[in-house]
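Engineer: Structure provided below as structure tokens; questions to follow.
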Amino acid sequence: MTPSERDDLALAVGLLALAGFVDAVGFLLLGGLFVSFMSGNSTQFAIQTGQMSWSGAAPAGAIIAAFVAGVVVGRLIANAAGAWRRPALLALEAACLGLVPGLPAPPLASGFLMALAMGAQNGILHSAGRTTTGLTYVTGSLVKFGEALADALSGAGPASAPLPYLSLWLGIVAGGVTGAAAYGAFGLSALALPALAAALLAAATAWAKTAL
């Protein structure tokens, strides 16, 4: 990997750790709904709809809608910001997450802001060289890891090829563990940590852009 690709991979791992943290907090706050993992929410929505439990389907559907809104807003900001896409989206994410702890709102409203932030995060980075990744989920990364591992074991690919995908999975798991522990200790105030991390990443990516 080139130095630029390694930097992008490190950023992707950091963002997945942030997503894992926020998703763990959201899951515990919302009693089983996710704010970054929409496959899980889609399954919840389908089950509740199939059982005609509209009161159960509505929250899952609302979180999905908030996530998609975040993707749309993130895309619009990315298009407008151009080369400053990363700091702009990270600043938006920091603002959304930073609002939640002090917001006198019901859990679902807090979940909306968290899902909006996670949706927008997907516009920050799409790949690190040949390593493609989502930034709020790792199903695709696990598939790529398994394929690269099979190739490495059969001699069809380099032994190091699975490592980037493994690091992405470890990032989201580490973030989730930390988020669950922090929520247990501090409640929603735990979101100050990923908000601060996003703000610092926004400053770092802006500085890197000016240093070029």
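The way I read the labels, and the way they are meant: chains A, B, ... in the order of the structure tokens, residue 1 as the first residue of every chain, and ligand 1 as the first ligand shown, with later ones counted on from there.
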For A:Leu149, list every protein, DNA or RNA residue within 12 Å, evaluated using only C-alpha atoms, and leave out those in the same chain fewer than 3 positions away; present the list as a ChimeraX atom specification.

Structural biologist: /A:141-146,152-166

Engineer: Please produce an output containing C-alpha atoms for each residue in the selection, written as a tab-separated table (two decimals), in the first residue's frame.

Structural biologist:
```
chain	number	residue	atom	x	y	z
A	141	SER	CA	-15.47	-6.32	4.67
A	142	LEU	CA	-16.00	-9.76	6.23
A	143	VAL	CA	-16.88	-11.19	2.80
A	144	LYS	CA	-13.73	-9.62	1.34
A	145	PHE	CA	-11.71	-10.94	4.30
A	146	GLY	CA	-12.99	-14.46	3.73
A	152	ALA	CA	-4.00	-16.66	0.58
A	153	LEU	CA	-4.49	-20.24	1.78
A	154	SER	CA	-4.66	-21.55	-1.79
A	155	GLY	CA	-1.68	-19.54	-2.97
A	156	ALA	CA	-3.82	-17.45	-5.31
A	157	GLY	CA	-3.17	-14.22	-3.40
A	158	PRO	CA	-0.68	-12.64	-0.98
A	159	ALA	CA	-0.75	-13.63	2.68
A	160	SER	CA	-1.15	-10.01	3.72
A	161	ALA	CA	-4.29	-9.40	1.64
A	162	PRO	CA	-6.81	-10.34	4.40
A	163	LEU	CA	-5.23	-8.00	6.98
A	164	PRO	CA	-6.81	-4.68	5.90
A	165	TYR	CA	-10.29	-6.23	6.02
A	166	LEU	CA	-9.59	-7.81	9.39
```

Engineer: Near stretch 75-79 of chain A, counting only C-alpha atoms, which residues have an atom at most 9 Å away, once you skip same-chain residues fewer than 3 positions from it, shown as a VMD selection string?

Structural biologist: chain A and resid 70 to 72 82 to 86 88 to 89 120 122 to 124

Engineer: Can you pull out the residues contacting A:Leu170? Cut-off 10 Å, using only C-alpha atoms, and skip same-chain residues under 3 positions away; I want them as a list in words.

Structural biologist: Val13, Leu16, Ala17, Gly20, Val138, Pro164, Tyr165, Leu166, Ser167, Val173, Ala174, Gly175 and Gly176 of chain A

Engineer: Hey, can you spit out that residue selection with N, CA and C atoms as a CSV table (one decimal), in the first residue's frame?

Structural biologist:
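Here's the written file again_9.csv:
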```csv
chain,number,residue,atom,x,y,z
A,13,VAL,N,-10.5,2.7,9.6
A,13,VAL,CA,-10.6,1.9,10.8
A,13,VAL,C,-11.1,2.8,11.9
A,16,LEU,N,-14.8,3.5,11.5
A,16,LEU,CA,-15.6,2.3,11.9
A,16,LEU,C,-15.6,2.1,13.4
A,17,ALA,N,-14.5,2.4,14.1
A,17,ALA,CA,-14.5,2.4,15.5
A,17,ALA,C,-15.5,3.4,16.1
A,20,GLY,N,-19.0,1.9,15.5
A,20,GLY,CA,-19.3,0.9,16.5
A,20,GLY,C,-19.6,1.4,17.8
A,138,VAL,N,-19.8,-3.8,8.4
A,138,VAL,CA,-18.6,-4.5,8.0
A,138,VAL,C,-19.0,-5.9,7.3
A,164,PRO,N,-6.0,-5.9,5.9
A,164,PRO,CA,-6.8,-4.7,5.9
A,164,PRO,C,-8.3,-4.9,6.3
A,165,TYR,N,-8.9,-6.0,5.7
A,165,TYR,CA,-10.3,-6.2,6.0
A,165,TYR,C,-10.5,-6.7,7.5
A,166,LEU,N,-9.5,-7.4,8.0
A,166,LEU,CA,-9.6,-7.8,9.4
A,166,LEU,C,-9.5,-6.6,10.3
A,167,SER,N,-8.6,-5.6,9.9
A,167,SER,CA,-8.5,-4.4,10.7
A,167,SER,C,-9.8,-3.6,10.8
A,173,VAL,N,-15.6,-3.5,16.1
A,173,VAL,CA,-15.8,-4.3,17.3
A,173,VAL,C,-15.2,-3.6,18.5
A,174,ALA,N,-14.0,-3.0,18.4
A,174,ALA,CA,-13.4,-2.3,19.5
A,174,ALA,C,-14.2,-1.1,19.8
A,175,GLY,N,-14.8,-0.4,18.8
A,175,GLY,CA,-15.6,0.8,19.1
A,175,GLY,C,-16.9,0.4,19.8
A,176,GLY,N,-17.5,-0.8,19.4
A,176,GLY,CA,-18.7,-1.2,20.1
A,176,GLY,C,-18.5,-1.6,21.5
```

Engineer: Smallest atom-to-atom distance to A:Gly134: which of A:Leu201, A:Leu113, A:Ile172, A:Leu33, using only C-alpha atoms?

Structural biologist: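 Among the listed residues, A:Ile172 lies closest to A:Gly134.
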
Engineer: For a test of reading the model, state the distance in Å between atom CA of A:Ala197 and atom CA of A:Cys96, rounded to one decimal.

Structural biologist: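 One can read the atom CA of A:Ala197 to atom CA of A:Cys96 distance as 12.7 Å.
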
Engineer: Have a look at atom CA of A:Met1 and atom CA of A:Thr131 and let me know their distance in Å, one decimal.

Structural biologist: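 Those two atoms sit 9.7 Å apart.
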
Engineer: Name the residues of stretch 1-163 of chain A that come out as strand (DSSP E) in a backbone DSSP run; write them as a list of chain:residue names.

Structural biologist: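 Those residues are A:Ser127, A:Ala128, A:Thr131, A:Thr132.
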